[in-house]
$ cat model12.txt   # compact mmCIF, C-alpha atoms (C1' of nucleotides)
# COMPACT_ATOMS: atom_id res chain seq x y z
CA MET E 1 4.26 4.22 -5.64
CA SER E 2 3.80 0.58 -4.86
CA ARG E 3 1.75 -1.51 -7.20
CA LYS E 4 -1.29 -1.82 -5.03
CA THR E 5 -2.18 1.78 -5.67
CA MET E 6 -2.53 1.09 -9.38
CA VAL E 7 -5.36 -1.39 -9.10
CA ARG E 8 -8.81 -0.54 -10.30
CA PRO E 9 -10.65 0.97 -7.39
CA GLY E 10 -13.64 -1.34 -7.05
CA GLY E 11 -14.39 -4.85 -8.14
CA ARG E 12 -12.38 -7.99 -8.35
CA SER E 13 -8.89 -6.53 -7.99
CA ALA E 14 -9.91 -4.73 -4.84
CA ARG E 15 -11.44 -7.89 -3.42
CA VAL E 16 -8.30 -9.87 -4.16
CA GLN E 17 -6.13 -7.25 -2.54
CA ALA E 18 -8.30 -7.14 0.54
CA SER E 19 -8.38 -10.90 0.94
CA VAL E 20 -4.63 -11.18 0.46
CA HIS E 21 -3.95 -8.50 3.04
CA ALA E 22 -6.39 -10.16 5.42
CA ALA E 23 -4.71 -13.50 4.86
CA VAL E 24 -1.34 -12.01 5.76
CA ARG E 25 -2.68 -10.57 8.98
CA GLU E 26 -4.44 -13.75 9.97
CA LEU E 27 -1.48 -15.98 9.24
CA GLU E 28 0.96 -13.61 10.92
CA SER E 29 -0.84 -14.16 14.19
CA GLU E 30 -1.54 -17.85 13.62
CA VAL E 31 1.76 -19.21 12.41
CA GLY E 32 4.11 -16.29 12.95
CA ARG E 33 5.90 -14.02 10.54
CA GLU E 34 8.76 -16.43 9.95
CA ALA E 35 6.52 -19.13 8.61
CA LEU E 36 4.78 -16.97 6.04
CA THR E 37 5.24 -17.96 2.41
CA VAL E 38 3.59 -16.76 -0.74
CA PRO E 39 1.88 -20.10 -1.46
CA LEU E 40 0.57 -20.19 2.10
CA VAL E 41 -0.88 -16.71 1.91
CA ALA E 42 -2.34 -17.44 -1.50
CA ALA E 43 -4.09 -20.56 -0.26
CA ARG E 44 -5.61 -18.71 2.68
CA ALA E 45 -6.70 -15.84 0.48
CA GLY E 46 -8.29 -18.20 -2.03
CA VAL E 47 -6.05 -17.00 -4.80
CA THR E 48 -3.33 -18.56 -6.91
CA PRO E 49 0.28 -17.82 -6.01
CA SER E 50 0.98 -16.34 -9.41
CA THR E 51 -1.52 -13.62 -8.69
CA ILE E 52 0.53 -12.53 -5.72
CA TYR E 53 3.81 -12.79 -7.55
CA ARG E 54 2.47 -10.68 -10.40
CA ARG E 55 0.90 -8.01 -8.22
CA TRP E 56 3.48 -7.69 -5.49
CA GLY E 57 6.63 -9.24 -6.92
CA ASP E 58 7.60 -11.09 -3.79
CA LEU E 59 6.68 -11.72 -0.19
CA GLN E 60 8.71 -8.79 1.08
CA GLU E 61 6.86 -6.23 -0.98
CA LEU E 62 3.57 -7.65 0.15
CA LEU E 63 4.64 -7.61 3.78
CA SER E 64 5.90 -4.07 3.32
CA ASP E 65 2.47 -2.93 2.12
CA VAL E 66 0.74 -4.64 5.00
CA ALA E 67 3.23 -3.24 7.51
CA VAL E 68 2.70 0.32 6.31
CA GLU E 69 -1.02 -0.11 6.74
CA ARG E 70 -0.51 -1.15 10.33
CA LEU E 71 1.80 1.76 11.02
CA ARG E 72 -0.83 4.28 9.94
CA PRO E 73 -1.97 6.16 13.06
CA GLU E 74 -5.56 5.44 13.99
CA ALA E 75 -6.40 8.60 15.86
CA ALA E 76 -5.30 12.20 16.16
CA PRO E 77 -2.81 12.87 18.95
CA VAL E 78 -4.46 13.68 22.28
CA ASP E 79 -4.68 17.29 23.38
CA LYS E 80 -2.87 17.76 26.66
CA GLY E 81 -3.15 21.51 26.73
CA SER E 82 0.31 22.63 25.73
CA LEU E 83 2.86 22.08 23.00
CA SER E 84 5.39 20.42 25.23
CA SER E 85 2.92 18.07 26.89
CA ASP E 86 1.30 17.22 23.53
CA LEU E 87 4.68 16.37 22.06
CA GLU E 88 5.70 14.43 25.12
CA ALA E 89 2.56 12.34 25.09
CA TRP E 90 2.84 11.68 21.39
CA ALA E 91 6.54 10.81 21.53
CA GLU E 92 6.06 8.49 24.48
CA GLN E 93 3.29 6.62 22.72
CA PHE E 94 5.19 6.49 19.45
CA LEU E 95 8.29 5.12 21.14
CA GLN E 96 6.33 2.60 23.10
CA GLU E 97 4.54 1.27 20.02
CA MET E 98 7.67 1.17 17.93
CA THR E 99 9.92 -0.51 20.45
CA ALA E 100 7.46 -3.34 20.97
CA PRO E 101 8.60 -6.42 19.06
CA SER E 102 5.67 -6.15 16.69
CA GLY E 103 6.33 -2.47 16.06
CA ARG E 104 9.95 -3.09 15.24
CA ALA E 105 8.95 -5.91 12.94
CA TYR E 106 6.56 -3.65 11.04
CA ILE E 107 9.17 -0.95 10.61
CA ARG E 108 11.68 -3.43 9.31
CA ASP E 109 9.16 -4.98 6.97
CA ALA E 110 8.08 -1.60 5.71
CA LEU E 111 11.67 -0.65 4.90
CA LEU E 112 12.59 -4.02 3.57
CA GLY E 113 10.30 -4.68 0.69
CA ASP E 114 10.42 -1.16 -0.57
CA PRO E 115 12.66 -0.82 -3.60
CA ASP E 116 11.63 2.73 -4.43
CA GLY E 117 11.35 4.07 -0.90
CA SER E 118 7.70 5.02 -1.22
CA ASN E 119 6.57 3.02 1.78
CA ALA E 120 9.32 4.49 3.93
CA GLY E 121 8.20 7.90 2.74
CA LEU E 122 4.67 7.08 3.88
CA CYS E 123 5.85 6.16 7.37
CA SER E 124 7.59 9.45 7.68
CA ALA E 125 4.56 11.28 6.31
CA TYR E 126 2.35 9.68 8.96
CA ALA E 127 4.58 10.99 11.73
CA ALA E 128 4.75 14.40 10.06
CA GLU E 129 0.95 14.57 9.87
CA GLN E 130 0.54 13.87 13.54
CA ILE E 131 3.15 16.43 14.46
CA ASP E 132 1.50 18.93 12.17
CA VAL E 133 -1.72 18.58 14.11
CA ILE E 134 0.13 19.21 17.35
CA LEU E 135 1.95 22.24 15.97
CA ASP E 136 -1.21 23.74 14.50
CA ARG E 137 -2.89 23.38 17.83
CA ALA E 138 0.05 25.14 19.50
CA ALA E 139 -0.14 27.96 16.96
CA GLY E 140 -3.84 28.29 17.80
CA ARG E 141 -2.84 28.83 21.43
CA THR E 142 -0.27 31.38 20.25
CA GLU E 143 2.56 29.31 21.62
CA ASN E 144 5.62 29.77 19.48
CA ALA E 145 6.28 26.45 17.86
CA PRO E 146 9.17 24.96 15.87
CA ASP E 147 8.46 23.66 12.40
CA VAL E 148 7.82 20.06 11.47
CA GLU E 149 11.29 19.46 10.10
CA THR E 150 12.83 20.50 13.37
CA VAL E 151 10.64 18.13 15.31
CA LEU E 152 11.50 15.32 12.92
CA ASP E 153 15.21 16.01 13.41
CA HIS E 154 15.13 16.38 17.18
CA VAL E 155 12.49 13.91 18.28
CA VAL E 156 11.46 11.41 15.63
CA ALA E 157 14.88 10.77 14.08
CA PRO E 158 16.68 9.94 17.35
CA MET E 159 13.91 7.56 18.36
CA MET E 160 13.92 5.80 15.01
CA TYR E 161 17.68 5.62 14.90
CA ARG E 162 17.84 3.92 18.24
CA ILE E 163 14.94 1.60 17.49
CA LEU E 164 16.69 0.40 14.35
CA PHE E 165 20.33 0.49 15.40
CA ARG E 166 20.54 0.27 19.20
CA PRO E 167 17.29 -1.00 20.67
CA GLU E 168 18.72 -1.32 24.19
CA GLY E 169 17.41 0.74 27.03
CA LEU E 170 14.76 2.84 25.35
CA ASP E 171 12.05 4.16 27.61
CA SER E 172 9.60 7.01 28.07
CA ALA E 173 12.23 9.05 29.87
CA TYR E 174 14.24 9.14 26.67
CA ALA E 175 11.24 10.41 24.70
CA ARG E 176 10.63 13.14 27.26
CA GLN E 177 14.28 14.11 27.25
CA LEU E 178 14.20 14.60 23.49
CA VAL E 179 11.13 16.80 23.68
CA ALA E 180 12.69 18.79 26.51
CA GLY E 181 15.82 19.35 24.43
CA LEU E 182 13.64 20.69 21.65
CA VAL E 183 11.32 23.04 23.50
CA GLY E 184 14.15 24.15 25.80
CA SER E 185 15.83 25.98 22.90
CA THR E 186 13.02 27.97 21.33
CA ASP E 187 15.25 29.11 18.48
CA ARG E 188 15.62 28.00 14.84
CA MET I 1 26.38 -12.28 16.99
CA SER I 2 26.04 -13.47 13.44
CA ARG I 3 27.23 -16.92 12.60
CA LYS I 4 30.36 -15.89 10.80
CA THR I 5 31.99 -14.89 14.05
CA MET I 6 31.65 -18.43 15.34
CA VAL I 7 33.80 -20.06 12.69
CA ARG I 8 37.18 -21.44 13.53
CA PRO I 9 39.68 -18.67 13.07
CA GLY I 10 42.07 -20.18 10.53
CA GLY I 11 41.88 -22.96 8.00
CA ARG I 12 39.18 -24.18 5.71
CA SER I 13 36.21 -22.38 7.22
CA ALA I 14 38.03 -19.09 6.99
CA ARG I 15 38.91 -19.76 3.36
CA VAL I 16 35.31 -20.60 2.53
CA GLN I 17 34.06 -17.46 4.21
CA ALA I 18 36.59 -15.33 2.40
CA SER I 19 35.80 -16.79 -0.99
CA VAL I 20 32.05 -16.47 -0.44
CA HIS I 21 32.37 -12.84 0.59
CA ALA I 22 34.63 -12.18 -2.38
CA ALA I 23 32.12 -13.87 -4.68
CA VAL I 24 29.36 -11.62 -3.40
CA ARG I 25 31.41 -8.51 -4.04
CA GLU I 26 32.44 -9.61 -7.50
CA LEU I 27 28.96 -10.60 -8.56
CA GLU I 28 27.42 -7.47 -7.08
CA SER I 29 29.42 -5.40 -9.50
CA GLU I 30 29.11 -7.81 -12.41
CA VAL I 31 25.44 -8.73 -12.46
CA GLY I 32 23.99 -6.30 -9.93
CA ARG I 33 22.54 -6.83 -6.52
CA GLU I 34 19.10 -7.83 -7.81
CA ALA I 35 20.42 -10.77 -9.74
CA LEU I 36 22.30 -12.33 -6.83
CA THR I 37 21.14 -15.75 -5.75
CA VAL I 38 22.64 -18.24 -3.36
CA PRO I 39 23.38 -20.82 -6.06
CA LEU I 40 25.08 -18.16 -8.16
CA VAL I 41 27.28 -16.99 -5.30
CA ALA I 42 28.06 -20.59 -4.37
CA ALA I 43 29.13 -21.42 -7.90
CA ARG I 44 31.43 -18.41 -8.08
CA ALA I 45 32.90 -19.17 -4.69
CA GLY I 46 33.55 -22.77 -5.60
CA VAL I 47 31.33 -24.05 -2.84
CA THR I 48 28.08 -25.98 -2.68
CA PRO I 49 24.89 -24.03 -1.99
CA SER I 50 24.15 -26.03 1.12
CA THR I 51 27.32 -24.69 2.70
CA ILE I 52 25.98 -21.16 2.35
CA TYR I 53 22.52 -22.08 3.55
CA ARG I 54 23.94 -23.77 6.61
CA ARG I 55 26.39 -21.03 7.52
CA TRP I 56 24.29 -17.97 6.76
CA GLY I 57 20.72 -19.17 6.62
CA ASP I 58 19.75 -17.21 3.57
CA LEU I 59 20.94 -14.65 1.06
CA GLN I 60 19.87 -11.70 3.19
CA GLU I 61 21.99 -12.67 6.15
CA LEU I 62 24.98 -13.15 3.89
CA LEU I 63 24.43 -9.79 2.23
CA SER I 64 24.02 -8.22 5.64
CA ASP I 65 27.43 -9.49 6.72
CA VAL I 66 29.06 -8.27 3.55
CA ALA I 67 27.32 -4.90 3.81
CA VAL I 68 28.52 -4.35 7.36
CA GLU I 69 32.05 -5.06 6.26
CA ARG I 70 31.78 -2.38 3.61
CA LEU I 71 30.33 0.12 6.05
CA ARG I 72 33.33 -0.20 8.37
CA PRO I 73 35.28 3.06 8.22
CA GLU I 74 38.69 2.68 6.66
CA ALA I 75 40.48 5.61 8.24
CA ALA I 76 40.30 7.83 11.29
CA PRO I 77 38.44 11.10 10.74
CA VAL I 78 40.65 13.93 9.48
CA ASP I 79 41.85 16.54 11.94
CA LYS I 80 40.63 19.97 10.86
CA GLY I 81 41.80 21.80 13.94
CA SER I 82 38.58 22.27 15.89
CA LEU I 83 35.65 20.29 17.16
CA SER I 84 33.11 21.94 14.93
CA SER I 85 35.15 21.64 11.77
CA ASP I 86 36.08 18.03 12.57
CA LEU I 87 32.44 17.16 13.07
CA GLU I 88 31.41 19.03 9.97
CA ALA I 89 33.95 17.28 7.81
CA TRP I 90 33.03 13.90 9.21
CA ALA I 91 29.28 14.48 8.88
CA GLU I 92 29.60 15.71 5.32
CA GLN I 93 31.59 12.69 4.30
CA PHE I 94 29.30 10.31 6.13
CA LEU I 95 26.22 11.79 4.51
CA GLN I 96 27.79 11.77 1.11
CA GLU I 97 28.79 8.13 1.34
CA MET I 98 25.48 7.03 2.76
CA THR I 99 23.23 8.88 0.34
CA ALA I 100 24.98 7.37 -2.67
CA PRO I 101 22.87 4.57 -4.09
CA SER I 102 25.44 2.00 -3.05
CA GLY I 103 25.62 3.40 0.47
CA ARG I 104 21.87 3.28 0.89
CA ALA I 105 21.85 -0.28 -0.43
CA TYR I 106 24.46 -1.34 2.11
CA ILE I 107 22.55 0.20 4.98
CA ARG I 108 19.37 -1.49 3.92
CA ASP I 109 21.11 -4.82 3.47
CA ALA I 110 22.82 -4.50 6.83
CA LEU I 111 19.50 -3.87 8.57
CA LEU I 112 17.59 -6.39 6.57
CA GLY I 113 19.25 -9.70 7.09
CA ASP I 114 19.84 -9.12 10.73
CA PRO I 115 17.40 -11.03 12.90
CA ASP I 116 19.11 -10.24 16.20
CA GLY I 117 20.15 -6.67 15.46
CA SER I 118 23.85 -7.32 15.91
CA ASN I 119 24.84 -5.97 12.52
CA ALA I 120 22.80 -2.83 13.04
CA GLY I 121 24.55 -2.45 16.37
CA LEU I 122 27.89 -2.68 14.61
CA CYS I 123 26.98 0.10 12.19
CA SER I 124 26.12 2.35 15.06
CA ALA I 125 29.30 1.36 16.89
CA TYR I 126 31.39 2.33 13.87
CA ALA I 127 29.93 5.82 13.87
CA ALA I 128 30.34 6.08 17.64
CA GLU I 129 34.01 5.13 17.35
CA GLN I 130 34.72 7.80 14.80
CA ILE I 131 32.92 10.41 16.85
CA ASP I 132 34.80 9.31 19.94
CA VAL I 133 38.07 10.03 18.21
CA ILE I 134 36.87 13.50 17.30
CA LEU I 135 35.63 14.22 20.82
CA ASP I 136 38.84 12.96 22.44
CA ARG I 137 40.81 15.22 20.19
CA ALA I 138 38.61 18.15 21.19
CA ALA I 139 39.10 17.33 24.85
CA GLY I 140 42.87 17.35 24.23
CA ARG I 141 42.50 20.89 22.93
CA THR I 142 40.49 21.75 26.05
CA GLU I 143 37.45 22.54 23.96
CA ASN I 144 34.32 21.66 25.85
CA ALA I 145 32.70 18.84 23.97
CA PRO I 146 29.32 17.12 24.13
CA ASP I 147 29.24 13.38 24.75
CA VAL I 148 28.89 10.73 22.09
CA GLU I 149 25.21 10.08 22.75
CA THR I 150 24.42 13.72 22.15
CA VAL I 151 26.22 13.70 18.83
CA LEU I 152 24.42 10.52 17.83
CA ASP I 153 21.07 12.12 18.66
CA HIS I 154 21.73 15.46 16.99
CA VAL I 155 23.84 14.60 13.99
CA VAL I 156 23.90 10.91 13.11
CA ALA I 157 20.27 10.08 13.82
CA PRO I 158 18.77 12.84 11.68
CA MET I 159 21.00 11.93 8.76
CA MET I 160 20.16 8.26 9.02
CA TYR I 161 16.47 8.94 9.43
CA ARG I 162 16.37 10.97 6.27
CA ILE I 163 18.52 8.56 4.32
CA LEU I 164 16.15 5.74 5.16
CA PHE I 165 12.79 7.50 5.18
CA ARG I 166 13.06 10.64 3.06
CA PRO I 167 16.06 10.54 0.79
CA GLU I 168 15.06 13.68 -1.12
CA GLY I 169 17.21 16.78 -1.05
CA LEU I 170 20.02 15.72 1.25
CA ASP I 171 23.24 17.65 0.83
CA SER I 172 26.31 18.86 2.69
CA ALA I 173 24.50 21.97 3.83
CA TYR I 174 22.16 19.76 5.83
CA ALA I 175 25.07 18.04 7.53
CA ARG I 176 26.65 21.37 8.41
CA GLN I 177 23.36 22.68 9.73
CA LEU I 178 23.04 19.72 12.08
CA VAL I 179 26.53 20.23 13.43
CA ALA I 180 25.88 23.94 13.86
CA GLY I 181 22.72 23.18 15.82
CA LEU I 182 24.75 20.97 18.12
CA VAL I 183 27.78 23.14 18.84
CA GLY I 184 25.61 26.26 19.00
CA SER I 185 24.00 25.07 22.22
CA THR I 186 26.93 24.02 24.43
CA ASP I 187 24.60 22.78 27.15
CA ARG I 188 23.43 19.25 28.18
C1' DA A 1 -25.62 -5.34 -24.92
C1' DC A 2 -21.21 -5.47 -26.91
C1' DC A 3 -16.16 -4.45 -27.02
C1' DT A 4 -11.66 -3.76 -24.79
C1' DT A 5 -8.46 -4.73 -21.61
C1' DA A 6 -6.33 -5.38 -17.02
C1' DA A 7 -5.93 -8.78 -14.05
C1' DA A 8 -6.83 -13.71 -12.39
C1' DG A 9 -6.52 -18.72 -13.06
C1' DC A 10 -4.11 -22.80 -14.49
C1' DA A 11 -0.37 -25.79 -15.35
C1' DA A 12 4.21 -26.93 -16.93
C1' DA A 13 8.91 -25.74 -16.52
C1' DT A 14 12.54 -23.98 -13.75
C1' DA A 15 14.97 -22.46 -9.86
C1' DT A 16 15.64 -22.31 -5.05
C1' DG A 17 15.90 -24.16 -0.39
C1' DT A 18 16.22 -28.40 2.83
C1' DT A 19 17.95 -32.58 4.71
C1' DG A 20 20.36 -37.04 5.83
C1' DC A 21 24.40 -38.98 5.26
C1' DT A 22 29.29 -39.16 3.98
C1' DT A 23 33.87 -37.17 3.75
C1' DC A 24 37.34 -33.92 4.95
C1' DA A 25 40.69 -31.46 7.66
C1' DA A 26 41.73 -28.30 11.86
C1' DG A 27 42.62 -28.58 16.46
C1' DT A 28 43.62 -31.69 20.81
C1' DG A 29 46.05 -34.63 23.77
C1' DA A 30 48.53 -38.80 24.43
C1' DT L 1 54.07 -37.21 15.54
C1' DC L 2 50.03 -39.72 15.35
C1' DA L 3 45.65 -41.11 16.25
C1' DC L 4 41.21 -39.12 17.82
C1' DT L 5 37.36 -35.78 18.02
C1' DT L 6 34.53 -32.72 15.98
C1' DG L 7 32.70 -28.93 13.43
C1' DA L 8 32.13 -27.82 8.85
C1' DA L 9 31.95 -29.08 3.75
C1' DG L 10 30.32 -32.00 -0.10
C1' DC L 11 26.87 -34.63 -2.39
C1' DA L 12 22.45 -36.05 -3.86
C1' DA L 13 17.66 -36.73 -3.42
C1' DC L 14 13.79 -34.31 -2.11
C1' DA L 15 10.49 -30.62 -1.15
C1' DT L 16 9.11 -25.82 -2.04
C1' DA L 17 8.86 -21.80 -4.15
C1' DT L 18 9.02 -18.86 -8.38
C1' DT L 19 8.48 -17.86 -13.27
C1' DT L 20 6.03 -18.01 -17.50
C1' DG L 21 2.84 -18.75 -21.62
C1' DC L 22 -1.63 -19.24 -22.43
C1' DT L 23 -6.61 -19.15 -21.33
C1' DT L 24 -10.49 -17.23 -18.96
C1' DT L 25 -12.90 -13.85 -16.29
C1' DA L 26 -15.13 -9.60 -15.23
C1' DA L 27 -14.80 -4.28 -14.81
C1' DG L 28 -15.46 -0.18 -17.32
C1' DG L 29 -16.33 2.30 -21.57
C1' DT L 30 -19.18 3.04 -25.91
$ encode --input "model12.txt" --output "structure tokens"
Amino acid sequence: MSRKTMVRPGGRSARVQASVHAAVRELESEVGREALTVPLVAARAGVTPSTIYRRWGDLQELLSDVAVERLRPEAAPVDKGSLSSDLEAWAEQFLQEMTAPSGRAYIRDALLGDPDGSNAGLCSAYAAEQIDVILDRAAGRTENAPDVETVLDHVVAPMMYRILFRPEGLDSAYARQLVAGLVGSTDR
Amino acid sequence: MSRKTMVRPGGRSARVQASVHAAVRELESEVGREALTVPLVAARAGVTPSTIYRRWGDLQELLSDVAVERLRPEAAPVDKGSLSSDLEAWAEQFLQEMTAPSGRAYIRDALLGDPDGSNAGLCSAYAAEQIDVILDRAAGRTENAPDVETVLDHVVAPMMYRILFRPEGLDSAYARQLVAGLVGSTDR
DNA sequence: ACCTTAAAGCAAATATGTTGCTTCAAGTGA
DNA sequence: TCACTTGAAGCAACATATTTGCTTTAAGGT
């Protein structure tokens, strides 16, 4: 797990972490991601640079933590009444958010400063959680639903692959096509 | 395209590029990836640091270029006699190479120092090329074959997604399962 | 209230990254 | 072949960022 999870829960450490994260978000929008530096963030957060270096190691790990926070879904997926329409709506929104320049930047940052892969694991877990909700709902309607792994393979993975490796020409139609390919074959 | 492609084809620039790339590879194995720095690479390459900064921008972009080079396939996929066995063999080998710690490191490096996405695009193009060979061969045997995009979605993307986001428990069986899921449904 | 102890602050030392200017040598055209 | 042009390399001074030892602070336990 990344270092931030090891801090004492309340008190000074927590305040420092919060103000550093806030400083990153503020400066990202004020001066742009490229211009961020550890000393700059430290100054804005009212903290010495060495504090950041000791807690996060380097700028990338800090940015990775902040990026993961921003990738956490804020609400449960909307209920459209059926498995296929729930998945379609979720996939369309996911793709739209992730293909936006800011979304791509967060994904890259999350992967980048992540030596042990825990932040990447979190990103995947977020998607899995959302899908779980959708699948549970479908089970409640007695629709027969695939399992989470299958949805990850058929819907999430292709979207992520293209976002990272071939960002050209991605649109909602592609998201719908992936969902169709999944619910078309009810097997496995 | 990354800067290295803009250098004059022969002569001094080419020599500098070659010796810098060689220095990266040597030092990677001698001191480890973590310990690489631009001044260190420059010293080994017999070049001043400013040359590297001006040509590549920073260490990440240099490492990205070197990583892409190492991800380029060295041979055409082996011919196993049928589409499904060709794909299986290729997918197994791909997964095995990419899940190795060094493979994962190269993928990450390739993605990381790649502001414009051209190196990521190359990685994907390499896989597409190999798959193209396999599909052409299948067409020559009058097997009915899916198109490249379908193979990318069903086989390559899931492997890459898991390598990057959930590297636990990946093995050849997973690669075979993906291929089976693809050739099982001959549609689309 | 007093210990204990992670974590923060501070400051000096070191390493890295940037820049203007000079020098070199590959390609170009008389 | 020999200037001539030009992109790229070298050098050196400068600016920033990173590391580190030591001191101080304050959270949590007794």
$ residues_around --input "model12.txt" --residues "stretch 2-14 of chain L" --least-positions-apart "2" --cutoff "12 Å" --atoms "only C-alpha atoms (C1' of nucleotides)" --output "JSON, numbers by chain"
{"I": [6, 7, 8, 11, 12, 13, 14, 15, 16, 17, 46, 47, 48, 49, 50, 51, 52, 53, 54, 55], "A": [17, 18, 19, 20, 21, 22, 23, 24, 25, 26, 27, 28, 29, 30], "L": [16]}
$ atom_distance --input "model12.txt" --atom1 "atom CA of E:Ala35" --atom2 "atom CA of E:Val66"
16.0 Å
$ residues_near_point --input "model12.txt" --point "(10.4, -24.8, -10.6)" --cutoff "10 Å" --atoms "only C-alpha atoms (C1' of nucleotides)" --output "number ranges by chain"
A: 12-16; L: 16-19
$ write_last_selection --input "model12.txt" --atoms "C-alpha atoms (C1' of nucleotides)" --output "CSV table (one decimal), in the coordinates of the input"
chain,number,residue,atom,x,y,z
A,12,DA,C1',4.2,-26.9,-16.9
A,13,DA,C1',8.9,-25.7,-16.5
A,14,DT,C1',12.5,-24.0,-13.8
A,15,DA,C1',15.0,-22.5,-9.9
A,16,DT,C1',15.6,-22.3,-5.0
L,16,DT,C1',9.1,-25.8,-2.0
L,17,DA,C1',8.9,-21.8,-4.2
L,18,DT,C1',9.0,-18.9,-8.4
L,19,DT,C1',8.5,-17.9,-13.3
$ atom_distance --input "model12.txt" --atom1 "atom CA of I:Leu152" --atom2 "atom CA of I:Glu92"
14.5 Å
$ closest_atom_pairs --input "model12.txt" --of "chain A" --to "chain E" --cutoff "10 Å" --atoms "only C-alpha atoms (C1' of nucleotides)" --output "JSON lines"
{"residue": "A:DA6", "atom": "C1'", "partner": "E:Arg8", "partner_atom": "CA", "distance": 8.6}
{"residue": "A:DA7", "atom": "C1'", "partner": "E:Ser13", "partner_atom": "CA", "distance": 7.1}
{"residue": "A:DA8", "atom": "C1'", "partner": "E:Thr51", "partner_atom": "CA", "distance": 6.5}
{"residue": "A:DG9", "atom": "C1'", "partner": "E:Thr48", "partner_atom": "CA", "distance": 6.9}
{"residue": "A:DC10", "atom": "C1'", "partner": "E:Thr48", "partner_atom": "CA", "distance": 8.7}
$ residues_near_point --input "model12.txt" --point "(26.7, 7.5, -0.2)" --cutoff "12 Å" --atoms "all atoms listed in the file" --output "list in words"
Arg70, Leu71, Ala91, Glu92, Gln93, Phe94, Leu95, Gln96, Glu97, Met98, Thr99, Ala100, Pro101, Ser102, Gly103, Arg104, Ala105, Tyr106, Ile107, Met159, Met160, Ile163, Leu164, Pro167, Leu170, Asp171 and Ser172 of chain I
$ closest_atom_pairs --input "model12.txt" --of "chain I" --to "chain E" --cutoff "6 Å" --atoms "all atoms listed in the file" --output "Markdown table"
| residue | atom | partner | partner_atom | distance |
| --- | --- | --- | --- | --- |
| I:Ala120 | CA | E:Phe165 | CA | 4.8 |
| I:Gly121 | CA | E:Phe165 | CA | 5.2 |
| I:Asp153 | CA | E:Pro158 | CA | 5.1 |
| I:Ala157 | CA | E:Pro158 | CA | 5.0 |
| I:Pro158 | CA | E:Ala157 | CA | 5.0 |
| I:Tyr161 | CA | E:Ala157 | CA | 5.2 |
| I:Phe165 | CA | E:Ala120 | CA | 4.8 |
| I:Arg166 | CA | E:Gly121 | CA | 5.6 |
$ write_last_selection --input "model12.txt" --atoms "C-alpha atoms" --output "compact mmCIF listing (two decimals), keeping the file's coordinate frame"
# COMPACT_ATOMS: atom_id res chain seq x y z
CA ALA I 120 22.80 -2.83 13.04
CA GLY I 121 24.55 -2.45 16.37
CA ASP I 153 21.07 12.12 18.66
CA ALA I 157 20.27 10.08 13.82
CA PRO I 158 18.77 12.84 11.68
CA TYR I 161 16.47 8.94 9.43
CA PHE I 165 12.79 7.50 5.18
CA ARG I 166 13.06 10.64 3.06
$ atom_distance --input "model12.txt" --atom1 "atom CA of E:Arg141" --atom2 "atom CA of E:Arg72"
27.2 Å
$ residues_around --input "model12.txt" --residues "E:Arg137" --least-positions-apart "5" --cutoff "9 Å" --atoms "only C-alpha atoms (C1' of nucleotides)" --output "PDB file with C-alpha atoms, in the frame of the given file"
ATOM      1  CA  ASP E  79      -4.680  17.290  23.380  1.00  0.00           C
ATOM      2  CA  SER E  82       0.310  22.630  25.730  1.00  0.00           C
ATOM      3  CA  LEU E  83       2.860  22.080  23.000  1.00  0.00           C
ATOM      4  CA  ASP E 132       1.500  18.930  12.170  1.00  0.00           C
ATOM      5  CA  THR E 142      -0.270  31.380  20.250  1.00  0.00           C
ATOM      6  CA  GLU E 143       2.560  29.310  21.620  1.00  0.00           C
TER       7      GLU E 143
END
$ closest_residue --input "model12.txt" --among "E:Val133, E:Ala18, E:Ala128, E:Ala89" --to "E:Ala175" --atoms "only C-alpha atoms"
E:Ala89
$ residues_around --input "model12.txt" --residues "L:DG29" --least-positions-apart "4" --cutoff "12 Å" --atoms "only C-alpha atoms (C1' of nucleotides)" --output "PyMOL selection string"
chain A and resi 2-5
$ build_atoms --input "model12.txt" --residues "stretch 15-19 of chain E" --atoms "N, CA, C and O atoms" --output "PDB file, in the coordinates of the input"
ATOM      1  N   ARG E  15     -11.112  -6.760  -4.305  1.00  0.00           N
ATOM      2  CA  ARG E  15     -11.440  -7.890  -3.420  1.00  0.00           C
ATOM      3  C   ARG E  15     -10.225  -8.773  -3.202  1.00  0.00           C
ATOM      4  O   ARG E  15      -9.943  -9.208  -2.087  1.00  0.00           O
ATOM      5  N   VAL E  16      -9.496  -9.036  -4.288  1.00  0.00           N
ATOM      6  CA  VAL E  16      -8.300  -9.870  -4.160  1.00  0.00           C
ATOM      7  C   VAL E  16      -7.315  -9.209  -3.219  1.00  0.00           C
ATOM      8  O   VAL E  16      -6.775  -9.846  -2.311  1.00  0.00           O
ATOM      9  N   GLN E  17      -7.082  -7.923  -3.409  1.00  0.00           N
ATOM     10  CA  GLN E  17      -6.130  -7.250  -2.540  1.00  0.00           C
ATOM     11  C   GLN E  17      -6.549  -7.333  -1.081  1.00  0.00           C
ATOM     12  O   GLN E  17      -5.739  -7.640  -0.206  1.00  0.00           O
ATOM     13  N   ALA E  18      -7.816  -7.096  -0.836  1.00  0.00           N
ATOM     14  CA  ALA E  18      -8.300  -7.140   0.540  1.00  0.00           C
ATOM     15  C   ALA E  18      -8.117  -8.529   1.123  1.00  0.00           C
ATOM     16  O   ALA E  18      -7.659  -8.683   2.262  1.00  0.00           O
ATOM     17  N   SER E  19      -8.450  -9.561   0.345  1.00  0.00           N
ATOM     18  CA  SER E  19      -8.380 -10.900   0.940  1.00  0.00           C
ATOM     19  C   SER E  19      -6.931 -11.321   1.133  1.00  0.00           C
ATOM     20  O   SER E  19      -6.610 -12.039   2.082  1.00  0.00           O
TER      21      SER E  19
END
